[in-house]
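Asker: File work-v2.txt follows (compact mmCIF, C-alpha atoms):
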# COMPACT_ATOMS: atom_id res chain seq x y z
CA MET D 1 79.12 129.72 32.51
CA ASN D 2 78.74 126.03 33.20
CA LEU D 3 81.89 125.32 31.19
CA LEU D 4 83.86 127.95 33.13
CA ARG D 5 82.69 126.37 36.37
CA GLU D 6 83.82 122.97 35.15
CA VAL D 7 87.22 124.36 34.10
CA ALA D 8 87.62 126.01 37.53
CA GLY D 9 86.58 122.76 39.20
CA GLU D 10 89.07 120.78 37.13
CA LEU D 11 91.87 123.20 37.95
CA THR D 12 91.06 122.99 41.66
CA LYS D 13 90.92 119.19 41.48
CA MET D 14 94.34 119.16 39.82
CA PHE D 15 96.00 120.64 42.88
CA VAL D 16 93.61 119.89 45.73
CA GLY D 17 92.75 116.23 45.25
CA ASP D 18 92.97 115.44 48.94
CA ALA D 19 92.64 118.20 51.53
CA TRP D 20 94.97 116.55 54.06
CA SER D 21 97.69 116.00 51.49
CA THR D 22 97.41 119.58 50.18
CA ALA D 23 97.55 121.05 53.69
CA GLY D 24 100.52 118.81 54.54
CA ILE D 25 102.53 119.81 51.45
CA LEU D 26 101.84 123.52 51.98
CA ALA D 27 102.81 123.18 55.65
CA VAL D 28 106.11 121.44 54.77
CA VAL D 29 106.98 124.11 52.17
CA SER D 30 106.04 126.94 54.59
CA VAL D 31 108.03 125.47 57.50
CA THR D 32 111.06 124.93 55.24
CA ALA D 33 110.80 128.50 53.89
CA TRP D 34 110.51 129.87 57.44
CA LEU D 35 113.45 127.87 58.82
CA LYS D 36 115.64 128.69 55.83
CA GLY D 37 114.52 132.34 55.64
CA ARG D 38 115.30 132.97 59.32
CA GLY D 39 118.64 131.25 59.01
CA ILE D 40 117.66 128.73 61.69
CA VAL D 41 118.93 125.85 59.56
CA PRO D 42 121.59 125.72 56.82
CA PRO D 43 120.20 125.47 53.25
CA LEU D 44 120.98 121.79 52.84
CA VAL D 45 119.26 120.87 56.12
CA GLY D 46 116.28 122.90 54.88
CA GLY D 47 116.34 120.84 51.67
CA THR D 48 116.41 117.62 53.67
CA ILE D 49 113.44 118.78 55.77
CA LEU D 50 111.54 119.63 52.57
CA PHE D 51 112.26 116.25 50.97
CA LEU D 52 111.62 114.09 54.05
CA GLY D 53 108.55 116.17 54.91
CA CYS D 54 107.08 115.46 51.46
CA ILE D 55 107.78 111.74 51.84
CA ALA D 56 106.08 111.77 55.26
CA VAL D 57 103.05 113.61 53.82
CA LEU D 58 102.79 111.07 50.98
CA VAL D 59 102.91 108.02 53.25
CA THR D 60 100.50 109.53 55.78
CA SER D 61 98.00 110.62 53.13
CA VAL D 62 98.08 107.15 51.51
CA VAL D 63 97.49 105.43 54.85
CA LEU D 64 94.72 107.86 55.85
CA SER D 65 93.00 107.57 52.44
CA ALA D 66 93.20 103.77 52.58
CA ARG D 67 91.70 103.78 56.08
CA ARG D 68 88.92 106.17 55.00
CA GLN D 69 88.06 104.05 51.95
CA ARG D 70 87.89 100.92 54.12
CA VAL D 71 85.50 102.57 56.60
CA ARG D 72 83.13 103.35 53.70
CA MET L 1 122.53 124.01 23.28
CA ILE L 2 120.39 121.79 25.52
CA SER L 3 121.97 118.46 26.41
CA ILE L 4 119.98 115.22 26.26
CA ALA L 5 120.67 114.59 29.97
CA THR L 6 119.07 117.95 30.87
CA ALA L 7 116.11 117.61 28.52
CA ALA L 8 115.35 113.89 29.01
CA PRO L 9 113.52 114.13 32.38
CA ALA L 10 111.36 117.04 31.16
CA VAL L 11 110.59 115.39 27.82
CA SER L 12 109.77 112.00 29.35
CA ALA L 13 107.59 113.59 32.07
CA ALA L 14 105.69 115.63 29.46
CA PHE L 15 105.36 112.60 27.16
CA LEU L 16 104.12 110.14 29.80
CA ALA L 17 101.75 112.60 31.49
CA SER L 18 100.35 113.70 28.14
CA LEU L 19 99.88 110.08 27.13
CA VAL L 20 97.55 109.55 30.11
CA GLU L 21 95.57 112.74 29.45
CA VAL L 22 95.34 112.28 25.67
CA VAL L 23 94.07 108.70 26.08
CA GLU L 24 91.28 110.00 28.37
CA ALA L 25 90.37 112.80 25.95
CA PHE L 26 90.54 110.40 22.99
CA THR L 27 87.98 108.06 24.61
CA ILE L 28 85.42 110.88 24.90
CA VAL L 29 86.13 112.31 21.43
CA LEU L 30 85.80 108.80 20.01
CA ALA L 31 82.40 108.41 21.73
CA ALA L 32 81.28 111.82 20.43
CA GLY L 33 82.54 111.09 16.91
CA THR L 34 81.10 107.60 16.68
CA LEU L 35 77.67 108.45 18.10
CA ARG L 36 77.14 112.05 17.02
CA GLY L 37 79.24 112.43 13.87
CA TRP L 38 82.90 113.15 13.21
CA ARG L 39 82.39 116.67 11.83
CA ALA L 40 81.30 118.03 15.20
CA ALA L 41 83.83 115.96 17.17
CA VAL L 42 86.74 117.18 15.03
CA ALA L 43 85.48 120.79 15.16
CA GLY L 44 85.13 120.62 18.97
CA THR L 45 88.63 119.15 19.27
CA ALA L 46 90.13 121.81 16.99
CA ALA L 47 88.38 124.60 18.93
CA ALA L 48 89.70 123.25 22.23
CA LEU L 49 93.24 122.99 20.85
CA ALA L 50 92.96 126.61 19.69
CA ALA L 51 91.76 127.66 23.16
CA LEU L 52 94.68 125.82 24.75
CA ALA L 53 97.12 127.49 22.35
CA LEU L 54 95.65 130.87 23.35
CA ILE L 55 96.17 130.05 27.03
CA VAL L 56 99.82 129.12 26.37
CA VAL L 57 100.40 132.28 24.29
CA ALA L 58 98.81 134.41 27.04
CA LEU L 59 100.65 132.70 29.91
CA GLY L 60 104.10 132.52 28.27
CA PRO L 61 105.02 136.22 28.44
CA LEU L 62 103.57 136.45 31.99
CA LEU L 63 105.96 133.73 33.17
CA ASP L 64 108.93 135.69 31.82
CA ARG L 65 108.03 138.59 34.12
CA ILE L 66 108.16 136.55 37.31
CA PRO L 67 111.60 136.50 39.01
CA LEU L 68 113.20 133.08 38.54
CA HIS L 69 113.26 132.06 42.22
CA TRP L 70 109.58 132.99 42.69
CA LEU L 71 108.73 131.08 39.52
CA ALA L 72 110.68 128.05 40.78
CA LEU L 73 108.91 128.21 44.16
CA LEU L 74 105.45 128.59 42.58
CA ILE L 75 105.93 125.88 39.98
CA GLY L 76 107.71 123.59 42.47
CA THR L 77 104.86 123.83 44.96
CA LEU L 78 102.24 123.27 42.26
CA LEU L 79 104.24 120.27 40.98
CA LEU L 80 104.35 118.83 44.49
CA LEU L 81 100.57 119.25 44.85
CA PHE L 82 99.88 117.79 41.41
CA GLY L 83 102.57 115.08 41.30
CA MET L 84 102.05 113.77 44.82
CA GLY L 85 98.29 113.79 44.15
CA TRP L 86 98.82 111.49 41.15
CA LEU L 87 101.27 109.32 43.06
CA ARG L 88 98.89 108.99 46.02
CA LYS L 89 96.02 107.99 43.74
CA ALA L 90 98.22 105.56 41.76
CA VAL L 91 99.36 103.89 45.01
CA LEU L 92 95.75 103.52 46.19
CA ARG L 93 94.73 102.08 42.80
CA ALA L 94 97.70 99.70 42.69
CA ALA L 95 96.84 98.51 46.20
CA GLY L 96 93.24 97.85 45.16
CA ILE L 97 91.75 100.49 47.45
CA VAL L 98 90.44 102.64 44.59
CA PRO L 99 89.17 101.00 41.37
CA LEU L 100 91.36 101.32 38.26
CA HIS L 101 90.33 103.75 35.53
CA ASP L 102 88.65 101.78 32.75
CA GLU L 103 88.60 103.37 29.28
CA ASP L 104 85.98 100.89 28.02
CA ALA L 105 83.70 101.81 30.94
CA ALA L 106 84.36 105.53 30.35
CA PHE L 107 83.45 105.07 26.68
CA ALA L 108 80.26 103.20 27.59
CA ALA L 109 79.25 105.87 30.13
CA GLU L 110 79.83 108.65 27.60
CA ALA L 111 77.91 106.68 24.98
CA VAL L 112 74.93 106.38 27.36
CA ASN L 113 75.03 110.16 28.05
CA LEU L 114 75.19 110.98 24.35
CA GLY L 115 72.59 108.38 23.48
CA HIS L 116 70.00 110.08 25.69
CA ALA L 117 69.98 113.17 23.46
CA SER L 118 68.24 112.88 20.12
CA ALA L 119 70.57 112.45 17.15
CA PRO L 120 70.73 115.32 14.63
CA GLY L 121 69.78 115.04 10.98
CA ARG L 122 72.46 113.89 8.57
CA ALA L 123 73.18 117.40 7.24
CA ALA L 124 72.88 119.24 10.58
CA PHE L 125 75.92 120.13 12.68
CA ASP L 126 75.71 118.29 15.99
CA TRP L 127 76.45 120.89 18.64
CA LEU L 128 76.19 118.41 21.50
CA GLY L 129 78.93 116.20 20.04
CA GLY L 130 81.07 119.27 19.39
CA VAL L 131 80.68 120.64 22.91
CA ILE L 132 81.42 117.24 24.49
CA ALA L 133 84.62 116.89 22.42
CA PHE L 134 85.57 120.52 23.14
CA LYS L 135 85.14 120.07 26.90
CA ALA L 136 87.06 116.81 27.03
CA VAL L 137 90.04 118.12 25.07
CA LEU L 138 90.06 121.45 26.94
CA LEU L 139 89.89 119.91 30.43
CA GLU L 140 92.45 117.17 29.79
CA GLY L 141 94.57 119.60 27.76
CA LEU L 142 94.77 122.04 30.67
CA GLU L 143 96.65 119.40 32.64
CA VAL L 144 98.99 118.82 29.70
CA VAL L 145 99.62 122.58 29.42
CA PHE L 146 100.38 122.81 33.14
CA ILE L 147 102.78 119.86 33.03
CA VAL L 148 104.59 121.20 29.96
CA ILE L 149 104.97 124.65 31.54
CA ALA L 150 105.93 123.19 34.93
CA VAL L 151 108.66 120.87 33.69
CA GLY L 152 109.83 123.17 30.91
CA ALA L 153 109.75 126.72 32.27
CA GLY L 154 112.70 128.11 34.15
CA ARG L 155 115.29 125.88 32.44
CA GLY L 156 114.49 126.88 28.87
CA LEU L 157 112.98 123.45 28.21
CA LEU L 158 109.53 124.56 27.07
CA LEU L 159 110.16 123.47 23.48
CA PRO L 160 111.49 119.96 24.32
CA ALA L 161 108.65 119.47 26.83
CA SER L 162 106.10 120.62 24.21
CA LEU L 163 107.61 118.16 21.73
CA GLY L 164 107.23 115.39 24.33
CA ALA L 165 103.52 116.27 24.70
CA LEU L 166 103.08 116.49 20.93
CA ALA L 167 104.70 113.07 20.49
CA ALA L 168 102.18 111.63 22.97
CA CYS L 169 99.30 113.14 20.96
CA ILE L 170 100.67 111.67 17.72
CA VAL L 171 101.18 108.21 19.29
CA VAL L 172 97.64 108.11 20.73
CA LEU L 173 96.03 109.43 17.54
CA ALA L 174 97.99 107.00 15.36
CA ILE L 175 97.09 103.98 17.52
CA GLY L 176 93.51 105.26 17.89
CA ALA L 177 93.12 105.65 14.11
CA ILE L 178 94.27 102.06 13.63
CA VAL L 179 92.28 100.31 16.36
CA HIS L 180 89.31 102.74 16.29
CA ARG L 181 88.21 101.89 19.83
CA PRO L 182 89.04 103.08 23.38
CA LEU L 183 92.69 102.44 24.26
CA ALA L 184 91.84 100.26 27.25
CA ARG L 185 95.14 98.36 27.18
CA VAL L 186 97.25 101.39 28.03
CA PRO L 187 98.62 100.69 31.53
CA GLU L 188 97.18 103.95 32.80
CA ASN L 189 97.92 103.44 36.47
CA THR L 190 101.55 102.45 35.84
CA LEU L 191 101.95 105.60 33.75
CA LYS L 192 100.31 107.71 36.46
CA PHE L 193 102.58 106.15 39.04
CA ALA L 194 105.66 106.94 36.93
CA VAL L 195 104.53 110.48 36.18
CA GLY L 196 103.65 111.05 39.86
CA VAL L 197 107.18 109.97 40.80
CA ILE L 198 108.82 112.23 38.18
CA LEU L 199 106.66 115.29 38.94
CA SER L 200 107.11 114.90 42.71
CA ALA L 201 110.90 114.73 42.19
CA PHE L 202 110.77 117.86 40.01
CA GLY L 203 108.56 119.49 42.65
CA VAL L 204 111.03 118.96 45.52
CA PHE L 205 113.90 120.12 43.30
CA TRP L 206 112.18 123.30 42.08
CA THR L 207 110.72 124.22 45.46
CA GLY L 208 114.19 123.86 46.98
CA GLU L 209 115.71 126.00 44.23
CA GLY L 210 113.00 128.61 44.81
CA LEU L 211 113.89 128.66 48.50
CA GLY L 212 117.55 129.22 47.67
CA ILE L 213 118.75 125.68 48.34
CA ALA L 214 121.75 124.74 46.18
CA TRP L 215 121.29 120.99 45.69
CA PRO L 216 124.51 118.97 45.57
CA GLY L 217 124.96 117.47 42.11
CA GLN L 218 122.40 120.01 40.80
CA ASP L 219 120.02 118.39 38.25
CA LEU L 220 121.23 114.90 39.22
CA MET L 221 119.33 115.30 42.50
CA ILE L 222 116.09 114.95 40.48
CA LEU L 223 117.10 111.33 39.83
CA VAL L 224 117.84 110.78 43.53
CA PHE L 225 114.47 112.25 44.54
CA GLY L 226 112.76 110.23 41.81
CA GLY L 227 114.36 107.01 43.05
CA ALA L 228 113.29 107.76 46.61
CA PHE L 229 109.69 108.58 45.61
CA LEU L 230 109.55 105.40 43.52
CA LEU L 231 110.79 103.29 46.41
CA VAL L 232 108.43 104.91 48.92
CA GLY L 233 105.51 104.58 46.48
CA LEU L 234 106.18 100.87 45.94
CA CYS L 235 106.62 100.24 49.68
CA ALA L 236 103.41 102.18 50.45
CA THR L 237 101.55 100.08 47.87
CA GLN L 238 102.77 96.85 49.47
CA MET L 239 102.01 98.13 52.97
CA VAL L 240 98.43 99.16 52.12
CA ARG L 241 97.85 95.98 50.09
CA ARG L 242 99.06 93.81 52.96
CA SER L 243 96.99 95.62 55.60
CA ARG L 244 93.99 95.34 53.26
CA GLY L 245 94.59 91.59 52.98
CA ALA L 246 94.84 91.30 56.74
CA ILE L 247 91.44 92.93 57.23
CA ALA L 248 89.58 91.40 54.29
CA PRO L 249 87.85 88.07 55.06
When written as structure tokens, how does the structure in this file appear?

Answerer:
Amino acid sequence: MNLLREVAGELTKMFVGDAWSTAGILAVVSVTAWLKGRGIVPPLVGGTILFLGCIAVLVTSVVLSARRQRVR
Amino acid sequence: MISIATAAPAVSAAFLASLVEVVEAFTIVLAAGTLRGWRAAVAGTAAALAALALIVVALGPLLDRIPLHWLALLIGTLLLLFGMGWLRKAVLRAAGIVPLHDEDAAFAAEAVNLGHASAPGRAAFDWLGGVIAFKAVLLEGLEVVFIVIAVGAGRGLLLPASLGALAACIVVLAIGAIVHRPLARVPENTLKFAVGVILSAFGVFWTGEGLGIAWPGQDLMILVFGGAFLLVGLCATQMVRRSRGAIAP
């Protein structure tokens, strides 16, 4: 039971290391899917939003994590 | 026939990521084997490898049943979560915000944990050592299995990706057998940085494919994304390092 809990914890940690980053990535993917699905943007613009959104999430999460670590 | 250009990113991603995970598992198995006996450590490792093989055998046919674009979207999103997580952590470690992973320290910590339990008799099978080795190989192996499936599934590259992971295991075991101590000199953070870059690039590519985006240049876009993530990662490292220097006395 303990081992299963540890495996579940490890799997969660694999994908949800930082809550802000996870929420940001899922938001970028969802927004891209919505814009592309509704035909609001052409596919390639959707791709650009996805890519630049991920870059923005990465930079923001690094800066926020660094700031949080410094406060501690 | 799979071309080298198609297989190379998947094989190198699987190899480098597996290298990091196998080194971590090796440290713990080495501690278990040295302090509690090799019979139990090897048995625990073999049992974990069997469990991982079962997971792969069970998951493989399930993946075939998922429509390709849903599979691409699912795997792409998971790769983004996993790869960007590694890249974020590698940037923070490279900038000195988070301490680097130290295999010698990990070995010492595991040795202290194992040393607290009483050692078994010479003839007895040491269950504690076996369970510790089993857990380490299973937990680190799960990440290897995910990476192999993520970079290999959907393009028919499961076999090349598996070979990349297997090569990493052989390299670590061969070096480990020679030096017989934790592989502390492996540049773990550099590897994590590289793997984070590659997996994030794969993640954007696959997620886009899953959403029906036809990337110009097709697979070549993975290289473009990889280059961009690498550049952003290096710039972020410098930026955080510099702001840290500005605040530190």

Asker: May I ask for the distance between CA of Ala108 in chain L and CA of Val131 in chain L, given in Å to one decimal place?

Answerer: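 These two atoms are separated by 18.1 Å.
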
Asker: I need every residue sitting at most 10 Å from the point (97.5, 129.0, 28.3) (coordinates as in the file, only C-alpha atoms considered), written as a list in words.

Answerer: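 Residues satisfying the cut-off, written out: Ala51, Leu52, Ala53, Leu54, Ile55, Val56, Val57, Ala58, Leu59, Gly60, Gly141, Leu142, Val145, Phe146 and Ile149 of chain L.
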
Asker: Would you mind listing, as a CSV table (one decimal) with C-alpha atoms, in the coordinates of the input, all residues of chain D that have at least one atom within 8 Å of chain L, where all atoms listed in the file are what counts?

Answerer:
chain,number,residue,atom,x,y,z
D,3,LEU,CA,81.9,125.3,31.2
D,7,VAL,CA,87.2,124.4,34.1
D,10,GLU,CA,89.1,120.8,37.1
D,11,LEU,CA,91.9,123.2,38.0
D,14,MET,CA,94.3,119.2,39.8
D,15,PHE,CA,96.0,120.6,42.9
D,16,VAL,CA,93.6,119.9,45.7
D,17,GLY,CA,92.8,116.2,45.2
D,18,ASP,CA,93.0,115.4,48.9
D,21,SER,CA,97.7,116.0,51.5
D,22,THR,CA,97.4,119.6,50.2
D,25,ILE,CA,102.5,119.8,51.4
D,26,LEU,CA,101.8,123.5,52.0
D,29,VAL,CA,107.0,124.1,52.2
D,33,ALA,CA,110.8,128.5,53.9
D,36,LYS,CA,115.6,128.7,55.8
D,43,PRO,CA,120.2,125.5,53.2
D,44,LEU,CA,121.0,121.8,52.8
D,46,GLY,CA,116.3,122.9,54.9
D,47,GLY,CA,116.3,120.8,51.7
D,50,LEU,CA,111.5,119.6,52.6
D,51,PHE,CA,112.3,116.2,51.0
D,54,CYS,CA,107.1,115.5,51.5
D,55,ILE,CA,107.8,111.7,51.8
D,58,LEU,CA,102.8,111.1,51.0
D,59,VAL,CA,102.9,108.0,53.2
D,61,SER,CA,98.0,110.6,53.1
D,62,VAL,CA,98.1,107.2,51.5
D,63,VAL,CA,97.5,105.4,54.8
D,65,SER,CA,93.0,107.6,52.4
D,66,ALA,CA,93.2,103.8,52.6
D,69,GLN,CA,88.1,104.0,52.0
D,70,ARG,CA,87.9,100.9,54.1

Asker: Measure the distance from CA of Glu24 in chain L to CA of Ala136 in chain L in Å and round it to one decimal.

Answerer: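 Pair CA of Glu24 in chain L / CA of Ala136 in chain L returns 8.1 Å.
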
Asker: Quick check, in Å to one decimal: how far apart do CA of Ile170 in chain L and CA of Leu62 in chain L lie?

Answerer: 28.7 Å

Asker: In terms of the shortest atom-to-atom distance over only C-alpha atoms, which of L:Leu183, L:Ser12, L:Arg93, L:Gly130 is closest to Ala47 in chain L?

Answerer: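 Result for the nearest residue to Ala47 in chain L: L:Gly130.
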
Asker: Name the closest residue to Asn113 in chain L among the candidates L:Ile28, L:Ala72, L:Ala13, L:His180; distances are taken between atoms, counting all atoms listed in the file.

Answerer: L:Ile28

Asker: Tell me which of D:Thr12, D:Ala23, D:Ser30, D:Arg5 sits closest to Ile49 in chain D, counting all atoms listed in the file.

Answerer: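 Checking each of D:Thr12, D:Ala23, D:Ser30, D:Arg5 against Ile49 in chain D, counting all atoms listed in the file, the winner is D:Ser30.
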
Asker: Identify which of the residues L:Ala168, L:Ala10, L:Ala43, L:Val20 lies closest to His101 in chain L, counting only C-alpha atoms when measuring atom-to-atom distances.

Answerer: L:Val20

Asker: Can you sort out the box for range 39-57 of chain D, edges along x, y and z, all listed atoms in, 4 Å on every side, with centre and edge lengths in Å to one decimal, as AutoDock Vina command-line options?

Answerer:
--center_x 112.3 --center_y 121.5 --center_z 56.3 --size_x 26.5 --size_y 27.5 --size_z 18.7

Asker: Could you pull the residues within 6 Å of Ala165 in chain L, counting only C-alpha atoms, minus those fewer than 3 positions along the same chain, as number ranges by chain?

Answerer: L: 14-15, 18, 162, 168

Asker: Looking at all atoms listed in the file, which of L:Leu234, L:Val137, L:Ala7, L:Val148 is the one that sits closest to Thr190 in chain L?

Answerer: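 Of all the options, L:Leu234 lies closest to Thr190 in chain L.
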